[in-house]
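query34.csv, holding CSV, C-alpha atoms:
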chain,number,residue,atom,x,y,z
A,883,LEU,CA,57.3,-9.4,86.1
A,884,ALA,CA,57.0,-6.4,83.8
A,885,CYS,CA,55.2,-3.3,84.8
A,886,ALA,CA,51.8,-3.0,83.0
A,887,ALA,CA,51.3,-0.7,80.1
A,888,GLY,CA,50.5,2.8,81.4
A,889,THR,CA,52.9,2.4,84.3
A,890,PHE,CA,56.7,2.6,84.8
A,891,ASN,CA,59.5,1.7,87.2
A,892,ASP,CA,62.9,3.2,86.9
A,893,ALA,CA,64.5,1.5,90.0
A,894,TRP,CA,66.4,-1.8,90.2
A,895,GLY,CA,65.6,-4.7,92.4
A,896,GLN,CA,61.9,-4.0,93.0
A,897,ALA,CA,59.9,-7.0,94.2
A,898,SER,CA,56.3,-5.8,94.0
A,899,ALA,CA,53.9,-4.4,91.4
A,900,ASP,CA,53.5,-1.5,93.8
A,901,ALA,CA,56.8,-0.2,92.5
A,902,CYS,CA,55.1,0.5,89.2
A,903,ALA,CA,54.0,4.1,89.2
A,904,PRO,CA,51.1,5.3,86.9
A,905,CYS,CA,52.0,7.5,84.0
A,906,GLY,CA,48.9,9.6,84.6
A,907,GLU,CA,46.3,11.0,82.2
A,908,THR,CA,48.8,12.7,79.9
A,909,GLY,CA,51.3,9.8,80.0
A,910,TYR,CA,51.9,6.7,78.0
A,911,SER,CA,54.0,3.6,78.3
A,912,ALA,CA,54.3,0.1,76.9
A,913,SER,CA,54.6,-2.9,79.2
A,914,GLY,CA,57.9,-3.1,81.0
A,915,SER,CA,58.8,0.6,80.6
A,916,VAL,CA,61.3,2.4,82.8
A,917,PHE,CA,59.9,5.8,81.9
A,918,CYS,CA,56.7,7.4,80.6
A,919,SER,CA,56.2,9.2,77.3
A,920,CYS,CA,53.5,11.6,76.4
A,921,ALA,CA,50.2,10.1,75.4
A,922,ALA,CA,48.5,10.7,72.0
A,923,ASN,CA,47.5,14.4,71.5
A,924,TYR,CA,50.2,15.6,73.9
A,925,THR,CA,53.9,16.6,73.4
A,926,GLY,CA,56.8,16.7,75.7
A,927,HIS,CA,59.5,14.4,77.3
A,928,PRO,CA,58.8,13.7,81.0
A,929,ALA,CA,62.0,11.7,81.3
A,930,GLY,CA,63.9,14.7,80.1
A,931,GLY,CA,62.1,17.1,82.4
A,932,VAL,CA,59.6,18.5,79.8
A,933,ALA,CA,56.1,18.0,81.1
A,934,CYS,CA,53.4,16.8,78.7
A,935,ALA,CA,51.3,19.6,77.1
A,936,ARG,CA,48.2,19.2,75.0
A,937,CYS,CA,48.6,19.8,71.2
A,938,PRO,CA,47.1,23.1,70.0
A,939,VAL,CA,43.4,23.1,69.4
A,940,ASN,CA,42.2,21.1,66.3
A,941,SER,CA,45.5,19.2,66.1
A,942,THR,CA,46.6,15.7,67.1
A,943,SER,CA,49.8,13.7,67.6
A,944,PRO,CA,50.8,10.0,68.1
A,945,PRO,CA,52.2,8.9,71.5
A,946,ASP,CA,55.8,9.9,72.3
A,947,THR,CA,55.7,13.1,70.3
A,948,ARG,CA,58.3,15.4,71.9
A,949,GLU,CA,57.9,18.7,70.0
A,950,VAL,CA,54.8,20.7,69.3
A,951,SER,CA,55.8,20.7,65.6
A,952,GLY,CA,54.8,17.0,65.7
A,953,CYS,CA,51.2,18.0,66.2
A,954,ALA,CA,49.3,17.8,62.9
A,955,CYS,CA,46.0,19.4,62.1
A,956,VAL,CA,43.0,17.1,62.3
A,957,PRO,CA,40.8,16.5,59.2
A,958,GLY,CA,39.0,19.7,58.0
A,959,TYR,CA,41.9,22.0,59.1
A,960,TYR,CA,45.3,23.1,57.8
A,961,ARG,CA,48.2,25.3,58.9
A,962,LEU,CA,51.0,27.0,57.0
A,963,MET,CA,53.8,26.6,59.6
A,964,PRO,CA,54.6,24.2,62.4
A,965,GLY,CA,53.1,25.6,65.6
A,966,ASP,CA,50.6,27.8,63.8
A,967,THR,CA,46.9,27.6,64.7
A,968,CYS,CA,45.0,25.2,62.6
A,969,THR,CA,42.6,27.0,60.3
A,970,ALA,CA,39.3,25.5,59.1
A,971,CYS,CA,38.9,24.5,55.5
A,972,PRO,CA,36.3,26.5,53.6
A,973,SER,CA,32.6,25.6,54.1
A,974,GLY,CA,31.8,22.2,52.6
A,975,ALA,CA,35.5,21.2,52.4
A,976,THR,CA,37.7,18.9,54.4
A,977,SER,CA,41.3,17.7,54.5
A,978,SER,CA,43.5,14.8,55.4
A,979,VAL,CA,45.4,14.8,58.7
A,980,GLY,CA,48.4,17.1,58.6
A,981,ALA,CA,47.2,19.5,55.8
A,982,LEU,CA,49.7,22.3,55.3
A,983,ASN,CA,47.8,24.7,53.0
A,984,GLN,CA,44.3,25.6,52.0
A,985,SER,CA,45.1,23.9,48.7
A,986,ASP,CA,45.3,20.6,50.6
A,987,CYS,CA,41.5,21.0,51.3
A,988,PHE,CA,39.0,19.3,49.1
A,989,CYS,CA,35.2,19.0,48.9
A,990,ALA,CA,33.8,16.7,51.6
A,991,VAL,CA,31.4,13.9,51.1
A,992,GLY,CA,28.1,15.3,50.0
A,993,PHE,CA,29.7,18.3,48.3
A,994,TYR,CA,31.3,18.9,44.9
A,995,GLY,CA,33.4,21.6,43.3
A,996,SER,CA,36.5,22.3,41.3
A,997,THR,CA,38.3,23.8,44.3
A,998,ALA,CA,37.9,23.8,48.0
A,999,THR,CA,36.6,27.4,47.9
A,1000,ASP,CA,33.5,26.6,45.7
A,1001,CYS,CA,32.1,23.4,47.2
A,1002,ALA,CA,28.4,23.1,46.7
A,1003,GLY,CA,26.1,20.7,48.5
A,1004,CYS,CA,24.3,17.9,46.7
A,1005,ALA,CA,20.5,18.1,46.4
A,1006,GLU,CA,18.3,17.0,49.3
A,1007,ASN,CA,18.7,13.3,50.2
A,1008,GLN,CA,21.7,13.0,47.9
A,1009,THR,CA,25.4,12.6,48.6
A,1010,THR,CA,28.6,11.5,46.9
A,1011,ALA,CA,30.3,8.1,47.0
A,1012,GLY,CA,33.4,9.8,48.5
A,1013,ALA,CA,35.2,13.0,49.0
A,1014,ASN,CA,36.8,15.2,46.4
A,1015,ALA,CA,34.0,15.1,43.9
A,1016,THR,CA,34.4,17.8,41.2
A,1017,GLY,CA,31.0,17.8,39.5
A,1018,GLU,CA,27.3,17.7,40.3
A,1019,ASP,CA,27.0,14.4,38.4
A,1020,ALA,CA,28.8,12.8,41.3
A,1021,CYS,CA,25.7,13.3,43.5
A,1022,ALA,CA,23.4,10.3,43.9
A,1023,CYS,CA,20.7,9.1,46.2
A,1024,ALA,CA,22.1,8.8,49.7
A,1025,ASP,CA,22.0,5.7,51.9
A,1026,GLY,CA,18.4,5.1,53.0
A,1027,PHE,CA,17.0,6.4,49.7
A,1028,TYR,CA,16.6,5.2,46.1
A,1029,THR,CA,15.4,6.5,42.8
A,1030,ASP,CA,12.9,4.7,40.6
A,1031,TYR,CA,15.1,5.0,37.5
A,1032,PRO,CA,14.1,4.7,34.7
A,1033,THR,CA,10.4,5.0,35.5
A,1034,ALA,CA,10.7,8.2,37.5
A,1035,ASN,CA,12.6,11.4,37.7
A,1036,THR,CA,16.2,10.4,38.6
A,1037,SER,CA,16.8,13.6,40.6
A,1038,VAL,CA,14.1,12.6,43.1
A,1039,CYS,CA,15.2,10.3,45.9
A,1040,VAL,CA,12.6,8.3,47.6
A,1041,ALA,CA,13.0,7.2,51.3
A,1042,CYS,CA,13.1,3.5,52.0
A,1043,PRO,CA,9.8,2.6,53.8
A,1044,ARG,CA,9.4,2.2,57.6
A,1045,ASN,CA,11.0,-1.0,58.9
A,1046,THR,CA,13.4,-1.3,56.0
A,1047,TYR,CA,17.0,0.1,55.5
A,1048,ASN,CA,19.6,0.6,52.8
A,1049,ARG,CA,23.2,1.1,53.6
A,1050,LEU,CA,24.3,1.8,50.0
A,1051,VAL,CA,24.6,5.0,47.9
A,1052,ASN,CA,23.2,5.4,44.4
A,1053,GLN,CA,20.6,2.7,44.4
A,1054,ASN,CA,18.0,2.8,41.6
A,1055,THR,CA,15.3,0.4,42.8
A,1056,SER,CA,13.2,-0.1,45.8
A,1057,LEU,CA,14.6,-3.6,46.0
A,1058,ALA,CA,17.7,-1.9,47.6
A,1059,CYS,CA,15.6,-1.4,50.8
A,1060,ALA,CA,16.0,-4.6,52.8
A,1061,ALA,CA,13.5,-5.6,55.5
A,1062,CYS,CA,14.6,-5.1,59.1
A,1063,PRO,CA,15.7,-8.4,60.8
A,1064,ASN,CA,13.4,-10.0,63.3
A,1065,ASN,CA,12.8,-7.9,66.5
A,1066,SER,CA,14.1,-4.7,64.9
A,1067,VAL,CA,12.4,-1.6,63.4
A,1068,SER,CA,13.3,1.6,61.6
A,1069,GLU,CA,11.9,4.9,60.6
A,1070,PRO,CA,11.6,5.8,56.8
A,1071,GLY,CA,14.9,6.7,55.2
A,1072,ARG,CA,17.1,4.6,57.4
A,1073,GLY,CA,20.6,4.2,56.0
A,1074,VAL,CA,24.0,3.1,57.3
A,1075,ASP,CA,22.7,3.0,60.9
A,1076,GLY,CA,20.5,0.1,59.9
A,1077,CYS,CA,17.6,-1.0,62.1
A,1078,ASP,CA,17.0,-0.6,65.9
A,1079,CYS,CA,16.3,-3.4,68.3
A,1080,VAL,CA,12.8,-3.3,69.8
A,1081,ALA,CA,12.3,-2.7,73.5
A,1082,GLY,CA,13.4,-5.6,75.6
A,1083,ARG,CA,16.3,-6.5,73.3
A,1084,TYR,CA,19.7,-5.1,72.5
A,1085,ALA,CA,22.1,-5.1,69.5
A,1086,LEU,CA,24.7,-7.7,70.2
A,1087,ASP,CA,27.6,-5.6,68.8
A,1088,GLY,CA,25.9,-2.2,68.6
A,1089,TRP,CA,24.5,-1.0,65.3
A,1090,GLN,CA,27.7,-1.8,63.4
A,1091,THR,CA,26.6,-5.4,62.8
A,1092,SER,CA,24.9,-5.9,59.4
A,1093,PRO,CA,22.2,-6.9,59.7
A,1094,VAL,CA,21.7,-6.1,63.3
A,1095,GLU,CA,21.3,-9.1,65.7
A,1096,CYS,CA,18.8,-8.4,68.5
A,1097,VAL,CA,19.3,-10.4,71.7
A,1098,LEU,CA,16.7,-10.7,74.5
A,1099,CYS,CA,17.6,-8.9,77.7
A,1100,PRO,CA,18.6,-11.6,80.3
A,1101,ASN,CA,16.3,-12.7,83.1
A,1102,GLY,CA,16.1,-10.1,85.8
A,1103,THR,CA,16.7,-7.2,83.5
A,1104,TYR,CA,14.6,-5.0,81.1
A,1105,SER,CA,14.7,-2.3,78.5
A,1106,GLU,CA,11.9,0.1,77.7
A,1107,THR,CA,13.6,1.9,74.9
A,1108,VAL,CA,14.1,1.1,71.2
A,1109,GLY,CA,17.6,1.0,69.9
A,1110,GLY,CA,19.5,-0.5,72.8
A,1111,GLN,CA,23.1,-1.2,72.0
A,1112,GLY,CA,25.0,-3.7,74.2
A,1113,LEU,CA,24.1,-5.6,77.3
A,1114,LEU,CA,24.5,-2.5,79.5
A,1115,SER,CA,21.3,-1.1,77.8
A,1116,CYS,CA,19.4,-3.8,79.8
A,1117,LEU,CA,18.6,-2.4,83.3
A,1118,PRO,CA,18.2,-4.5,86.5
A,1119,CYS,CA,14.5,-5.0,87.5
A,1120,PRO,CA,13.3,-3.0,90.5
A,1121,SER,CA,13.4,-4.5,93.9
A,1122,LEU,CA,11.0,-7.5,94.4
A,1123,THR,CA,10.4,-7.8,90.7
A,1124,THR,CA,11.9,-9.9,87.9
A,1125,SER,CA,11.5,-10.6,84.2

Take the structure in this file and express it as structure tokens.
Amino acid sequence: LACAAGTFNDAWGQASADACAPCGETGYSASGSVFCSCAANYTGHPAGGVACARCPVNSTSPPDTREVSGCACVPGYYRLMPGDTCTACPSGATSSVGALNQSDCFCAVGFYGSTATDCAGCAENQTTAGANATGEDACACADGFYTDYPTANTSVCVACPRNTYNRLVNQNTSLACAACPNNSVSEPGRGVDGCDCVAGRYALDGWQTSPVECVLCPNGTYSETVGGQGLLSCLPCPSLTTS
């Protein structure tokens, strides 16, 4: 049988899974490996005598990266030379993984500007449909809000009422605010997070489901809080009690 992923065995003729040694927190291996590589966000080559070391701050790497030059800056940062410290993009700007110059930075979602050095934020309760917006006209009502165009000022974004939600940007009617499903609630202005399950229930797949599906906690468990996500949010009843 092959050693499980995350373990290795470099000796012949082994007859037990006990021969498979763990790679450790900084190691990585596929099933059936004879040596470990470094895990994601680490560099080195254990089989070659080079211990795994974490990538510099604000940088990342895929598994089995052997040189520190293989660490790339995370989004929102850039560096000029391999091994350099990753520098944050200007305020309001971000970048893709592996940016190599400040010119690789661009305005983040909710900001606009001609360059990364002049990103301005959209007005209150507004955002942009994506990053790299260059003009204020790219700003629109954020998720959870809408404008009453053409009957009201289009620059004023109105929050969706309590117990409704709107996951979309740039909506111009209150009809964009959908009612929360059964057994769920929301505060005004609820957007991509959707609605929360009431106490005693939990979201079947967390808040990511759209619309959220709220399931009753099983017999013998309970939940006193709103917004439970997953079965583990239901707690066992105290001793000598049930539900």

Subject >> For CA of Pro904 in chain A and CA of Thr942 in chain A, the interatomic separation in Å (one decimal) >> reply: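 That distance, rounded to one decimal, is 22.8 Å.
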
Subject >> Best match for closeness to Tyr1047 in chain A among A:Arg1072, A:Asn1065, A:Asn1101, A:Cys1023, counting all atoms listed in the file >> reply: A:Arg1072

**OP:** Rank nothing, just name the residue among A:Cys885, A:Cys1116, A:Pro1043, A:Cys1096 nearest to Ala897 in chain A, using all atoms listed in the file.
**Re:** A:Cys885

Original post:
CA of Tyr1104 in chain A and CA of Pro1070 in chain A are how many Å apart?
Top reply: 26.8 Å

Contacts of Ala893 in chain A within 10 Å, all atoms listed in the file, excl. fewer than 3 positions in-chain, as a PDB file with C-alpha atoms, keeping the file's coordinate frame:
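Produced file part_25.pdb, reproduced below:
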ATOM      1  CA  PHE A 890      56.700   2.600  84.800  1.00  0.00           C
ATOM      2  CA  GLN A 896      61.900  -4.000  93.000  1.00  0.00           C
ATOM      3  CA  ALA A 901      56.800  -0.200  92.500  1.00  0.00           C
ATOM      4  CA  CYS A 902      55.100   0.500  89.200  1.00  0.00           C
ATOM      5  CA  VAL A 916      61.300   2.400  82.800  1.00  0.00           C
TER       6      VAL A 916
END

**OP:** List every protein, DNA or RNA residue that has an atom no more than 12 Å from (12.4, -9.8, 58.7) in the file's coordinate frame, counting only C-alpha atoms, and report them as number ranges by chain.
**Re:** A: 1045-1047, 1059-1068, 1077, 1093-1096

Original post:
Just how far from CA of Ala1013 in chain A is CA of Glu1069 in chain A, in Å to one decimal?
Top reply: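 We find that CA of Glu1069 in chain A and CA of Ala1013 in chain A lie 27.3 Å from each other.
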
Nearby residues (only C-alpha atoms) at most 7 Å from range 1002-1004 of chain A, same-chain spacing under 2 positions excluded, as a PDB file with C-alpha atoms, in the coordinates of the input:
ATOM      1  CA  GLY A 974      31.800  22.200  52.600  1.00  0.00           C
ATOM      2  CA  GLY A 992      28.100  15.300  50.000  1.00  0.00           C
ATOM      3  CA  PHE A 993      29.700  18.300  48.300  1.00  0.00           C
ATOM      4  CA  TYR A 994      31.300  18.900  44.900  1.00  0.00           C
ATOM      5  CA  GLY A 995      33.400  21.600  43.300  1.00  0.00           C
ATOM      6  CA  ASP A1000      33.500  26.600  45.700  1.00  0.00           C
ATOM      7  CA  GLU A1006      18.300  17.000  49.300  1.00  0.00           C
ATOM      8  CA  GLN A1008      21.700  13.000  47.900  1.00  0.00           C
ATOM      9  CA  THR A1009      25.400  12.600  48.600  1.00  0.00           C
ATOM     10  CA  CYS A1021      25.700  13.300  43.500  1.00  0.00           C
TER      11      CYS A1021
END

**OP:** Name the residues within 9 Å of (20.3, 10.7, 51.4), counting all atoms listed in the file in the file's coordinates, and put them as a list in words.
**Re:**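 In the file's frame, the residues around the point are Ala1005, Glu1006, Asn1007, Gln1008, Thr1009, Ala1022, Cys1023, Ala1024, Asp1025, Gly1026, Phe1027, Tyr1028, Cys1039, Val1040, Ala1041, Val1051, Gly1071 and Gly1073 of chain A.
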
Subject >> Counting only C-alpha atoms, the residue of A:Gly1076, A:Pro957, A:Gly909, A:Gly1110 that sits nearest Pro945 in chain A >> reply: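 Using only C-alpha atoms, Pro945 in chain A sits closest to A:Gly909.
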
Need to verify the contact set: Thr947 in chain A, 12 Å, only C-alpha atoms, exclusion of same-chain residues closer than 2 positions in sequence. Can you return it as an mmCIF file with C-alpha atoms, keeping the file's coordinate frame?
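Result saved to selection02.cif:
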data_model
loop_
_atom_site.group_PDB
_atom_site.id
_atom_site.type_symbol
_atom_site.label_atom_id
_atom_site.label_comp_id
_atom_site.auth_asym_id
_atom_site.auth_seq_id
_atom_site.Cartn_x
_atom_site.Cartn_y
_atom_site.Cartn_z
ATOM 1 C CA THR A 908 48.800 12.700 79.900
ATOM 2 C CA GLY A 909 51.300 9.800 80.000
ATOM 3 C CA TYR A 910 51.900 6.700 78.000
ATOM 4 C CA CYS A 918 56.700 7.400 80.600
ATOM 5 C CA SER A 919 56.200 9.200 77.300
ATOM 6 C CA CYS A 920 53.500 11.600 76.400
ATOM 7 C CA ALA A 921 50.200 10.100 75.400
ATOM 8 C CA ALA A 922 48.500 10.700 72.000
ATOM 9 C CA ASN A 923 47.500 14.400 71.500
ATOM 10 C CA TYR A 924 50.200 15.600 73.900
ATOM 11 C CA THR A 925 53.900 16.600 73.400
ATOM 12 C CA GLY A 926 56.800 16.700 75.700
ATOM 13 C CA HIS A 927 59.500 14.400 77.300
ATOM 14 C CA PRO A 928 58.800 13.700 81.000
ATOM 15 C CA VAL A 932 59.600 18.500 79.800
ATOM 16 C CA ALA A 933 56.100 18.000 81.100
ATOM 17 C CA CYS A 934 53.400 16.800 78.700
ATOM 18 C CA ALA A 935 51.300 19.600 77.100
ATOM 19 C CA ARG A 936 48.200 19.200 75.000
ATOM 20 C CA CYS A 937 48.600 19.800 71.200
ATOM 21 C CA THR A 942 46.600 15.700 67.100
ATOM 22 C CA SER A 943 49.800 13.700 67.600
ATOM 23 C CA PRO A 944 50.800 10.000 68.100
ATOM 24 C CA PRO A 945 52.200 8.900 71.500
ATOM 25 C CA GLU A 949 57.900 18.700 70.000
ATOM 26 C CA VAL A 950 54.800 20.700 69.300
ATOM 27 C CA SER A 951 55.800 20.700 65.600
ATOM 28 C CA GLY A 952 54.800 17.000 65.700
ATOM 29 C CA CYS A 953 51.200 18.000 66.200
ATOM 30 C CA ALA A 954 49.300 17.800 62.900
#

**OP:** Pick out the residues sitting within 9 Å of Val979 in chain A, and hand them over as a list in words; count all atoms listed in the file, and ignore anything fewer than 2 positions along from it in its own chain.
**Re:**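 Once the nearby chain positions are removed, what remains is Ser941, Thr942, Ala954, Cys955, Val956, Pro957, Gly958, Tyr959, Tyr960, Ser977 and Ala981 of chain A.
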